[in-house]
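Single-structure report; data block below.
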There are 6 protein chains.
Amino acid sequence: MGEKIDAFKAQRRKMNERILDTGTLQTKRFFALDGQVYEEGALGSKTKELLGLVASTVLRCNDCISYHVLQCADRGVTLQEFVEALDVAMIVGGSITIPHVRHAQAIIQEIEEEMGRE
Amino acid sequence: MGEKIDAFKAQRRKMNERILDTGTLQTKRFFALDGQVYEEGALGSKTKELLGLVASTVLRCNDCISYHVLQCADRGVTLQEFVEALDVAMIVGGSITIPHVRHAQAIIQEIEEEMGRE
Amino acid sequence: MGEKIDAFKAQRRKMNERILDTGTLQTKRFFALDGQVYEEGALGSKTKELLGLVASTVLRCNDCISYHVLQCADRGVTLQEFVEALDVAMIVGGSITIPHVRHAQAIIQEIEEEMGRE
Amino acid sequence: MGEKIDAFKAQRRKMNERILDTGTLQTKRFFALDGQVYEEGALGSKTKELLGLVASTVLRCNDCISYHVLQCADRGVTLQEFVEALDVAMIVGGSITIPHVRHAQAIIQEIEEEMGRE
Amino acid sequence: MGEKIDAFKAQRRKMNERILDTGTLQTKRFFALDGQVYEEGALGSKTKELLGLVASTVLRCNDCISYHVLQCADRGVTLQEFVEALDVAMIVGGSITIPHVRHAQAIIQEIEEEMGRE
Amino acid sequence: MGEKIDAFKAQRRKMNERILDTGTLQTKRFFALDGQVYEEGALGSKTKELLGLVASTVLRCNDCISYHVLQCADRGVTLQEFVEALDVAMIVGGSITIPHVRHAQAIIQEIEEEMGRE
C-alpha cells in the first residue's frame with residue numbers, strides 16, 4: 001500500500017511480536033481482548049471499527065487512527081462516512097484533534113490512491 | 001425520569017441558557033454545530049450517538065455520557081448494544097474508564113426503571 | 001460568598017494544610033512554584049490567571065476552574081473577557097469541555113450575585 | 001470505615017455487579033485482567049498497587065484513587081511512602097493533579113482515623 | 001523560514017485543503033470558528049493566541065504549538081513573554097509537558113534565526 | 001547506545017540547555033524538582049523510576065518513556081519487571097497505550113543490544 005501505511009504496518013508487526021514474545025499471560029490476554037471487542041455482535045463490526053476510530057481520534061493517537069482507518073476501509077466505510085465520523089470526533093474533541101484528522105485523511109488518501117480511485 | 005437524569009437535565013438546561021445568554025456569536029455557533037454533527041447523514045443518527053457515547057466514555061465525562069445515553073435510548077439502542085459499545089470504550093480507554101461505565105450503567109438502569117422494563 | 005465557592009474554599013484549605021503538614025520539601029516547593037508562576041512579570045498577573053483558567057478548562061478540572069475564576073475576578077476580569085477566554089477553551093478542547101464551561105459560569109454567577117451586580 | 005470510603009465501596013459493588021450481570025464475555029475477561037495485573041510477580045503487589053495509584057492520580061480519576069489507596073494500605077504502604085508516590089504523580093502530572101492529591105489524602109486520613117492512629 | 005516550520009506549514013496546508021474539499025458544511029463551519037475565536041475582542045488577539053499556546057501545551061499537541069507560536073510571534077510576543085506563558089503551562093501540566101516546551105522553544109529558535117536576532 | 005536513544009539524548013540535552021538559558025527562576029526550580037522527586041527516600045529510586053515510567057506510559061509521552069526506561073535500566077530493572085510494569089500501564093490506560101508500549105520495548109531492546117545480551 002502507500003508509504004505511511006507500509007511503515008506503520010512493518011513497525012507495528014515487529015514490535016507486537018516482541019511484546020507477545022516477552023509478555024506475561026496478562027499481556028497476551030489483553031491483546032486477544034483488543035481484537036475480540038470489534039467482532040460482529042449486536043453491533044456490526046463496521047460500526048465497532050468506527051467507534052474505535054472516533055475513540056482513537058479524540059484520544060489523539062495516530063498509530064491507533066491508522067489501524068482503525070484500515071479496518072474501517074476493509075469493512076466498506078465510504079469517504080462520506082469517514083468524514084461524518086471524523087466530524088463527530090472533531091466537535092467532541094475540539095481543534096486539538098485537527099492534526100489527527102489530517103493524519104486520518106492522509107491514510108484514507110493513501111488507500112484511495114492504492115485502489116486507483118483518484 | 002429517574003433522579004440522576006432529572007438533576008442532570010435541570011442543571012444542564014439552566015446553565016446552557018446562561019452560556020447562550022452571555023455568549024458571543026462564536027459560542028452560539030459552536031452549540032449549534034454540537035447538535036448538527038449528530039444528525040442523520042451517510043451515517044445514521046443512532047450510529048452517531050453511539051460514536052458520541054464512546055468518545056465521552058474514553059474522555060471520561062459523566063455529564064456527556066448522561067446526555068448521549070439518553071440520546072441513544074431515544075434512538076432505540078438496546079441494552080446489548082450499549083454493553084458492546086461500552087466494551088469498545090473500556091478496552092480502548094482502559095480500567096480508568098470503569099467508573100464512567102458504572103455511571104453509564106446507572107443512567108441506563110434509570111431509563112429501564114422508568115420504562116417499567118424491570 | 002456563594003454556596004459552591006464557600007464549600008470549595010473550605011475543603012481546599014483543609015486538605016492543602018494536610019498536604020503541606022505531611023509533605024516533603026518537594027511537595028512544599030511545588031506548592032510555592034504553583035503560586036509564583038502567576039505573579040506579575042513580562043506578562044501581567046491578569047493574563048496569567050486567564051492562561052490558568054483556559055488550561056484548567058481544556059484539562060477539565062472543576063476545582064482548578066473555581067480557583068482561577070476567583071483569581072481572575074480579583075484581578076478585574078469582566079464577564080465579556082471570561083466569555084471570550086472560555087470560547088477559546090471550548091474550541092480548542094471541544095464539546096467535552098461544555099460541562100466545565102457550565103461550572104465556570106456557575107462560579108461567575110455566584111460572584112456576580114455576591115457583588116450585587118444582578 | 002470512614003464515610004467517603006463506605007459510600008465509594010457500596011456504589012462500586014452495586015454497579016460492578018450490574019456490569020458483570022449484563023456484560024459480555026469480554027467485559028468479564030477485562031474485569032478479571034484488571035485484578036490479575038496487580039498480583040505478586042517479579043514486582044511485588046505493593047509496588048504494583050503504587051503504580052496503580054500514580055497512574056490513577058496522573059489520569060485524575062478519584063474513584064480509581066480511592067480503590068488503589070485502600071489496596072496500598074492493605075499492603076502496608078506508610079504515610080511517608082504515600083506522600084513520595086503522590087509527589088511523583090504531582091510533578092509528572094502538574095498542579096492539575098492537586099485536587100486529586102487532596103482526594104487521596106482525604107481517603108488516607110479516613111483510614112488513619114479508622115485505625116485509631118490519630 | 002526554518003526547516004521545522006516549513007515542513008509543518010506545507011503538510012498543514014495540503015491536508016487542510018483535503019479536509020475542506022471532502023468535508024461537510026459542519027467541517028467548514030468548525031474550521032471557520034477555529035479562526036474567529038482568536039480575533040480581537042474584549043481580549044486582544046495577542047492574549048488569545050497566548051491562551052491557544054498554553055492550551056496546546058497542556059494538551060501536548062506539537063502541531064498546535066507550532067501554529068500558535070507562529071501566531072504569537074506575528075503579534076509581537078517577546079521571548080520573555082513566551083517563557084512565562086510556557087512556565088504556566090509547565091506548572092499546570094507537569095513534567096509530561098517538558099518535551100512539548102522543548103518543541104515550542106525549537107520553533108521560537110527557528111523564528112529568531114530567521115529574523116537574524118541571533 | 002542505540003540510534004533511537006542517541007537521537008533522543010542529543011535533542012533533549014540541546015533543548016533543555018536553551019530552556020534553562022532562557023528560563024525564569026521558576027523554570028529552573030521546576031527542572032530541579034523534576035530530578036529530586038525520584039531520589040532515594042522512603043521509596044527506593046528504582047520504585048520511583050518505575051512510577052515515572054508507568055505515569056509516562058498512561059499519559060502517552062514517548063520522550064518521557066525513553067527517559068524513564070533509561071533511568072530504570074540504570075537502577076537494574078529487569079526485562080520481567082519492565083513487562084509487569086507496562087502490563088499495569090496497559091490495563092489502566094487501555095489499548096490506546098499500546099503504541100507507547102511498543103516504543104518502550106524498542107528502547108529496552110536497544111539497551112539489551114548495547115549490552116550484548118542478545
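Starting from 1 in every chain, residues are counted up; chains themselves are A, B, ... following the order of the C-alpha cells, and ligands are numbered from 1 as listed.
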
After superposing chain A onto chain F (least squares, all C-alpha atoms, pairing by order), export the transformed chain as a compact mmCIF listing (two decimals) with N, CA and C atoms, in the first residue's frame.
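Result went into superposed17.txt, see below:
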```
# COMPACT_ATOMS: atom_id res chain seq x y z
N MET A 1 24.99 4.48 22.57
CA MET A 1 23.97 3.45 22.66
C MET A 1 23.28 3.32 21.31
N GLY A 2 22.06 2.79 21.32
CA GLY A 2 21.34 2.60 20.05
C GLY A 2 20.93 3.92 19.43
N GLU A 3 20.46 3.83 18.20
CA GLU A 3 20.14 5.00 17.39
C GLU A 3 19.02 5.86 18.00
N LYS A 4 17.92 5.22 18.40
CA LYS A 4 16.80 5.96 18.97
C LYS A 4 17.24 6.69 20.24
N ILE A 5 18.01 6.00 21.07
CA ILE A 5 18.44 6.57 22.35
C ILE A 5 19.37 7.75 22.11
N ASP A 6 20.34 7.59 21.20
CA ASP A 6 21.28 8.68 20.93
C ASP A 6 20.57 9.93 20.42
N ALA A 7 19.65 9.75 19.50
CA ALA A 7 18.92 10.89 18.94
C ALA A 7 18.11 11.59 20.04
N PHE A 8 17.45 10.79 20.88
CA PHE A 8 16.67 11.35 21.98
C PHE A 8 17.55 12.16 22.93
N LYS A 9 18.69 11.55 23.31
CA LYS A 9 19.57 12.22 24.29
C LYS A 9 20.12 13.54 23.74
N ALA A 10 20.52 13.54 22.47
CA ALA A 10 21.13 14.75 21.88
C ALA A 10 20.11 15.89 21.80
N GLN A 11 18.91 15.56 21.32
CA GLN A 11 17.90 16.61 21.18
C GLN A 11 17.46 17.12 22.55
N ARG A 12 17.33 16.20 23.49
CA ARG A 12 16.91 16.56 24.86
C ARG A 12 17.93 17.50 25.51
N ARG A 13 19.22 17.14 25.40
CA ARG A 13 20.26 17.95 26.03
C ARG A 13 20.28 19.36 25.44
N LYS A 14 20.24 19.41 24.09
CA LYS A 14 20.32 20.71 23.41
C LYS A 14 19.16 21.63 23.79
N MET A 15 17.96 21.12 23.77
CA MET A 15 16.81 22.00 24.03
C MET A 15 16.65 22.29 25.53
N ASN A 16 17.00 21.33 26.40
CA ASN A 16 16.95 21.64 27.84
C ASN A 16 17.91 22.77 28.17
N GLU A 17 19.08 22.80 27.51
CA GLU A 17 20.02 23.90 27.74
C GLU A 17 19.38 25.24 27.38
N ARG A 18 18.71 25.27 26.23
CA ARG A 18 18.05 26.52 25.83
C ARG A 18 16.94 26.91 26.82
N ILE A 19 16.17 25.92 27.26
CA ILE A 19 15.09 26.22 28.22
C ILE A 19 15.68 26.83 29.50
N LEU A 20 16.76 26.26 29.99
CA LEU A 20 17.36 26.77 31.23
C LEU A 20 18.06 28.11 31.00
N ASP A 21 18.69 28.27 29.82
CA ASP A 21 19.36 29.55 29.50
C ASP A 21 18.36 30.71 29.41
N THR A 22 17.20 30.44 28.82
CA THR A 22 16.23 31.51 28.61
C THR A 22 15.21 31.56 29.74
N GLY A 23 15.21 30.58 30.63
CA GLY A 23 14.13 30.41 31.60
C GLY A 23 14.17 31.39 32.76
N THR A 24 13.06 31.41 33.51
CA THR A 24 12.95 32.20 34.74
C THR A 24 13.48 31.36 35.91
N LEU A 25 13.49 31.97 37.08
CA LEU A 25 13.85 31.23 38.30
C LEU A 25 12.89 30.05 38.49
N GLN A 26 11.61 30.27 38.13
CA GLN A 26 10.60 29.21 38.28
C GLN A 26 10.89 28.03 37.35
N THR A 27 11.29 28.33 36.11
CA THR A 27 11.64 27.26 35.18
C THR A 27 12.74 26.38 35.78
N LYS A 28 13.79 27.03 36.27
CA LYS A 28 14.93 26.29 36.84
C LYS A 28 14.51 25.48 38.07
N ARG A 29 13.65 26.10 38.92
CA ARG A 29 13.20 25.37 40.12
C ARG A 29 12.39 24.15 39.75
N PHE A 30 11.55 24.25 38.72
CA PHE A 30 10.75 23.09 38.35
C PHE A 30 11.64 21.98 37.79
N PHE A 31 12.62 22.35 36.98
CA PHE A 31 13.55 21.33 36.48
C PHE A 31 14.30 20.64 37.64
N ALA A 32 14.67 21.41 38.67
CA ALA A 32 15.35 20.81 39.83
C ALA A 32 14.42 19.83 40.54
N LEU A 33 13.18 20.27 40.78
CA LEU A 33 12.18 19.41 41.43
C LEU A 33 11.98 18.11 40.66
N ASP A 34 11.98 18.22 39.34
CA ASP A 34 11.73 17.08 38.47
C ASP A 34 12.83 16.00 38.62
N GLY A 35 13.99 16.41 39.12
CA GLY A 35 15.02 15.43 39.46
C GLY A 35 14.85 14.91 40.88
N GLN A 36 14.57 15.84 41.81
CA GLN A 36 14.57 15.49 43.24
C GLN A 36 13.52 14.45 43.64
N VAL A 37 12.33 14.49 42.99
CA VAL A 37 11.28 13.56 43.44
C VAL A 37 11.59 12.09 43.14
N TYR A 38 12.61 11.84 42.32
CA TYR A 38 12.97 10.45 42.03
C TYR A 38 14.12 9.94 42.89
N GLU A 39 14.62 10.81 43.80
CA GLU A 39 15.74 10.39 44.66
C GLU A 39 15.29 9.41 45.73
N GLU A 40 16.24 8.59 46.16
CA GLU A 40 16.05 7.62 47.25
C GLU A 40 15.34 8.26 48.45
N GLY A 41 14.34 7.61 49.00
CA GLY A 41 13.64 8.12 50.18
C GLY A 41 12.98 6.96 50.90
N ALA A 42 11.76 7.17 51.40
CA ALA A 42 11.02 6.04 51.97
C ALA A 42 10.79 4.99 50.88
N LEU A 43 10.57 5.45 49.67
CA LEU A 43 10.54 4.54 48.50
C LEU A 43 11.91 4.60 47.83
N GLY A 44 12.39 3.49 47.34
CA GLY A 44 13.67 3.46 46.64
C GLY A 44 13.59 4.16 45.29
N SER A 45 14.75 4.57 44.77
CA SER A 45 14.72 5.31 43.50
C SER A 45 14.33 4.39 42.34
N LYS A 46 14.57 3.08 42.47
CA LYS A 46 14.13 2.15 41.42
C LYS A 46 12.60 2.14 41.35
N THR A 47 11.95 2.05 42.51
CA THR A 47 10.48 2.08 42.54
C THR A 47 9.97 3.39 41.97
N LYS A 48 10.61 4.51 42.34
CA LYS A 48 10.15 5.81 41.87
C LYS A 48 10.30 5.95 40.35
N GLU A 49 11.38 5.40 39.79
CA GLU A 49 11.54 5.45 38.34
C GLU A 49 10.47 4.59 37.65
N LEU A 50 10.11 3.46 38.26
CA LEU A 50 9.00 2.66 37.71
C LEU A 50 7.69 3.44 37.77
N LEU A 51 7.48 4.20 38.85
CA LEU A 51 6.29 5.06 38.93
C LEU A 51 6.31 6.08 37.79
N GLY A 52 7.49 6.66 37.54
CA GLY A 52 7.63 7.64 36.45
C GLY A 52 7.36 7.00 35.09
N LEU A 53 7.83 5.76 34.91
CA LEU A 53 7.61 5.07 33.64
C LEU A 53 6.13 4.79 33.40
N VAL A 54 5.44 4.30 34.43
CA VAL A 54 4.02 3.98 34.27
C VAL A 54 3.21 5.27 34.07
N ALA A 55 3.53 6.32 34.82
CA ALA A 55 2.85 7.61 34.62
C ALA A 55 3.05 8.10 33.19
N SER A 56 4.27 7.99 32.67
CA SER A 56 4.58 8.44 31.30
C SER A 56 3.85 7.61 30.26
N THR A 57 3.67 6.31 30.55
CA THR A 57 3.01 5.43 29.59
C THR A 57 1.51 5.70 29.53
N VAL A 58 0.87 5.85 30.69
CA VAL A 58 -0.58 6.11 30.65
C VAL A 58 -0.86 7.52 30.11
N LEU A 59 0.10 8.45 30.29
CA LEU A 59 -0.08 9.80 29.71
C LEU A 59 0.43 9.85 28.28
N ARG A 60 1.03 8.75 27.82
CA ARG A 60 1.39 8.54 26.42
C ARG A 60 2.38 9.58 25.87
N CYS A 61 3.54 9.66 26.53
CA CYS A 61 4.59 10.58 26.12
C CYS A 61 5.87 9.79 25.83
N ASN A 62 6.20 9.61 24.53
CA ASN A 62 7.33 8.76 24.17
C ASN A 62 8.67 9.27 24.71
N ASP A 63 8.91 10.57 24.67
CA ASP A 63 10.18 11.09 25.19
C ASP A 63 10.33 10.80 26.68
N CYS A 64 9.21 10.96 27.43
CA CYS A 64 9.24 10.68 28.87
C CYS A 64 9.47 9.19 29.10
N ILE A 65 8.88 8.33 28.25
CA ILE A 65 9.08 6.89 28.36
C ILE A 65 10.56 6.56 28.12
N SER A 66 11.16 7.13 27.07
CA SER A 66 12.58 6.88 26.78
C SER A 66 13.43 7.23 28.01
N TYR A 67 13.16 8.40 28.58
CA TYR A 67 13.93 8.87 29.73
C TYR A 67 13.82 7.88 30.90
N HIS A 68 12.59 7.49 31.26
CA HIS A 68 12.42 6.64 32.45
C HIS A 68 12.88 5.20 32.19
N VAL A 69 12.75 4.70 30.96
CA VAL A 69 13.30 3.37 30.66
C VAL A 69 14.82 3.37 30.92
N LEU A 70 15.49 4.42 30.46
CA LEU A 70 16.94 4.51 30.69
C LEU A 70 17.27 4.61 32.17
N GLN A 71 16.52 5.42 32.92
CA GLN A 71 16.76 5.56 34.36
C GLN A 71 16.50 4.22 35.07
N CYS A 72 15.43 3.53 34.68
CA CYS A 72 15.11 2.22 35.27
C CYS A 72 16.24 1.23 35.00
N ALA A 73 16.71 1.19 33.76
CA ALA A 73 17.77 0.24 33.39
C ALA A 73 19.02 0.51 34.23
N ASP A 74 19.36 1.78 34.45
CA ASP A 74 20.50 2.14 35.30
C ASP A 74 20.34 1.63 36.73
N ARG A 75 19.10 1.48 37.17
CA ARG A 75 18.83 1.01 38.54
C ARG A 75 18.55 -0.49 38.58
N GLY A 76 18.83 -1.19 37.47
CA GLY A 76 18.77 -2.65 37.49
C GLY A 76 17.41 -3.27 37.24
N VAL A 77 16.46 -2.51 36.72
CA VAL A 77 15.15 -3.10 36.41
C VAL A 77 15.35 -4.18 35.34
N THR A 78 14.79 -5.36 35.57
CA THR A 78 14.93 -6.48 34.63
C THR A 78 13.82 -6.45 33.58
N LEU A 79 14.01 -7.23 32.50
CA LEU A 79 13.00 -7.30 31.45
C LEU A 79 11.64 -7.71 32.03
N GLN A 80 11.67 -8.72 32.93
CA GLN A 80 10.40 -9.19 33.51
C GLN A 80 9.71 -8.08 34.32
N GLU A 81 10.50 -7.30 35.04
CA GLU A 81 9.92 -6.19 35.81
C GLU A 81 9.37 -5.10 34.89
N PHE A 82 10.10 -4.80 33.82
CA PHE A 82 9.58 -3.85 32.82
C PHE A 82 8.22 -4.32 32.29
N VAL A 83 8.17 -5.61 31.91
CA VAL A 83 6.96 -6.15 31.31
C VAL A 83 5.77 -6.05 32.27
N GLU A 84 5.99 -6.36 33.55
CA GLU A 84 4.89 -6.31 34.51
C GLU A 84 4.44 -4.86 34.78
N ALA A 85 5.39 -3.92 34.81
CA ALA A 85 5.02 -2.52 35.00
C ALA A 85 4.23 -2.02 33.79
N LEU A 86 4.67 -2.42 32.59
CA LEU A 86 3.95 -2.00 31.37
C LEU A 86 2.58 -2.67 31.29
N ASP A 87 2.45 -3.90 31.84
CA ASP A 87 1.12 -4.54 31.94
C ASP A 87 0.16 -3.66 32.75
N VAL A 88 0.62 -3.18 33.91
CA VAL A 88 -0.23 -2.31 34.73
C VAL A 88 -0.64 -1.07 33.92
N ALA A 89 0.34 -0.44 33.26
CA ALA A 89 0.04 0.77 32.47
C ALA A 89 -0.98 0.47 31.38
N MET A 90 -0.83 -0.68 30.72
CA MET A 90 -1.69 -1.05 29.60
C MET A 90 -3.11 -1.34 30.06
N ILE A 91 -3.27 -1.97 31.20
CA ILE A 91 -4.62 -2.26 31.71
C ILE A 91 -5.27 -0.97 32.22
N VAL A 92 -4.53 -0.15 32.95
CA VAL A 92 -5.10 1.12 33.42
C VAL A 92 -5.44 2.03 32.25
N GLY A 93 -4.51 2.14 31.29
CA GLY A 93 -4.64 3.15 30.23
C GLY A 93 -5.30 2.65 28.97
N GLY A 94 -5.43 1.32 28.81
CA GLY A 94 -6.14 0.76 27.66
C GLY A 94 -5.28 0.58 26.42
N SER A 95 -5.94 0.11 25.35
CA SER A 95 -5.22 -0.23 24.12
C SER A 95 -4.60 1.01 23.47
N ILE A 96 -5.07 2.19 23.84
CA ILE A 96 -4.51 3.43 23.31
C ILE A 96 -3.05 3.58 23.74
N THR A 97 -2.64 2.88 24.80
CA THR A 97 -1.24 2.93 25.24
C THR A 97 -0.35 1.97 24.46
N ILE A 98 -0.92 1.05 23.69
CA ILE A 98 -0.10 0.00 23.05
C ILE A 98 1.01 0.58 22.16
N PRO A 99 0.74 1.61 21.34
CA PRO A 99 1.85 2.16 20.56
C PRO A 99 3.01 2.66 21.45
N HIS A 100 2.68 3.07 22.67
CA HIS A 100 3.71 3.57 23.58
C HIS A 100 4.41 2.42 24.29
N VAL A 101 3.72 1.30 24.48
CA VAL A 101 4.38 0.09 24.97
C VAL A 101 5.35 -0.40 23.89
N ARG A 102 4.95 -0.31 22.62
CA ARG A 102 5.89 -0.66 21.53
C ARG A 102 7.13 0.23 21.60
N HIS A 103 6.93 1.53 21.83
CA HIS A 103 8.08 2.44 21.94
C HIS A 103 8.98 2.03 23.12
N ALA A 104 8.37 1.77 24.28
CA ALA A 104 9.16 1.37 25.45
C ALA A 104 9.98 0.12 25.13
N GLN A 105 9.36 -0.85 24.47
CA GLN A 105 10.05 -2.10 24.14
C GLN A 105 11.18 -1.87 23.13
N ALA A 106 10.99 -0.91 22.23
CA ALA A 106 12.05 -0.61 21.26
C ALA A 106 13.27 -0.03 21.98
N ILE A 107 13.03 0.80 23.00
CA ILE A 107 14.14 1.37 23.77
C ILE A 107 14.82 0.28 24.61
N ILE A 108 14.00 -0.57 25.24
CA ILE A 108 14.55 -1.68 26.04
C ILE A 108 15.42 -2.57 25.14
N GLN A 109 14.94 -2.82 23.94
CA GLN A 109 15.68 -3.68 23.00
C GLN A 109 17.04 -3.04 22.62
N GLU A 110 17.04 -1.74 22.40
CA GLU A 110 18.31 -1.04 22.10
C GLU A 110 19.30 -1.18 23.26
N ILE A 111 18.79 -1.06 24.48
CA ILE A 111 19.65 -1.20 25.66
C ILE A 111 20.23 -2.62 25.71
N GLU A 112 19.37 -3.62 25.48
CA GLU A 112 19.82 -5.03 25.50
C GLU A 112 20.90 -5.26 24.46
N GLU A 113 20.67 -4.72 23.25
CA GLU A 113 21.64 -4.94 22.16
C GLU A 113 22.98 -4.31 22.52
N GLU A 114 22.91 -3.12 23.09
CA GLU A 114 24.12 -2.41 23.50
C GLU A 114 24.90 -3.23 24.53
N MET A 115 24.17 -3.90 25.42
CA MET A 115 24.82 -4.65 26.50
C MET A 115 25.15 -6.07 26.06
N GLY A 116 24.96 -6.38 24.77
CA GLY A 116 25.33 -7.68 24.25
C GLY A 116 24.52 -8.83 24.81
N ARG A 117 23.30 -8.50 25.31
CA ARG A 117 22.50 -9.57 25.89
C ARG A 117 21.80 -10.38 24.82
N GLU A 118 21.76 -9.87 23.60
CA GLU A 118 21.06 -10.63 22.56
C GLU A 118 22.06 -11.20 21.56
```

(request) Going by DSSP on the backbone, which bits of region 17-111 of chain C are helix (DSSP H, G or I)? Write them as an NGL selection string, please. (result) :C and (17-22 or 25-36 or 45-58 or 62-74 or 79-93 or 95-111)
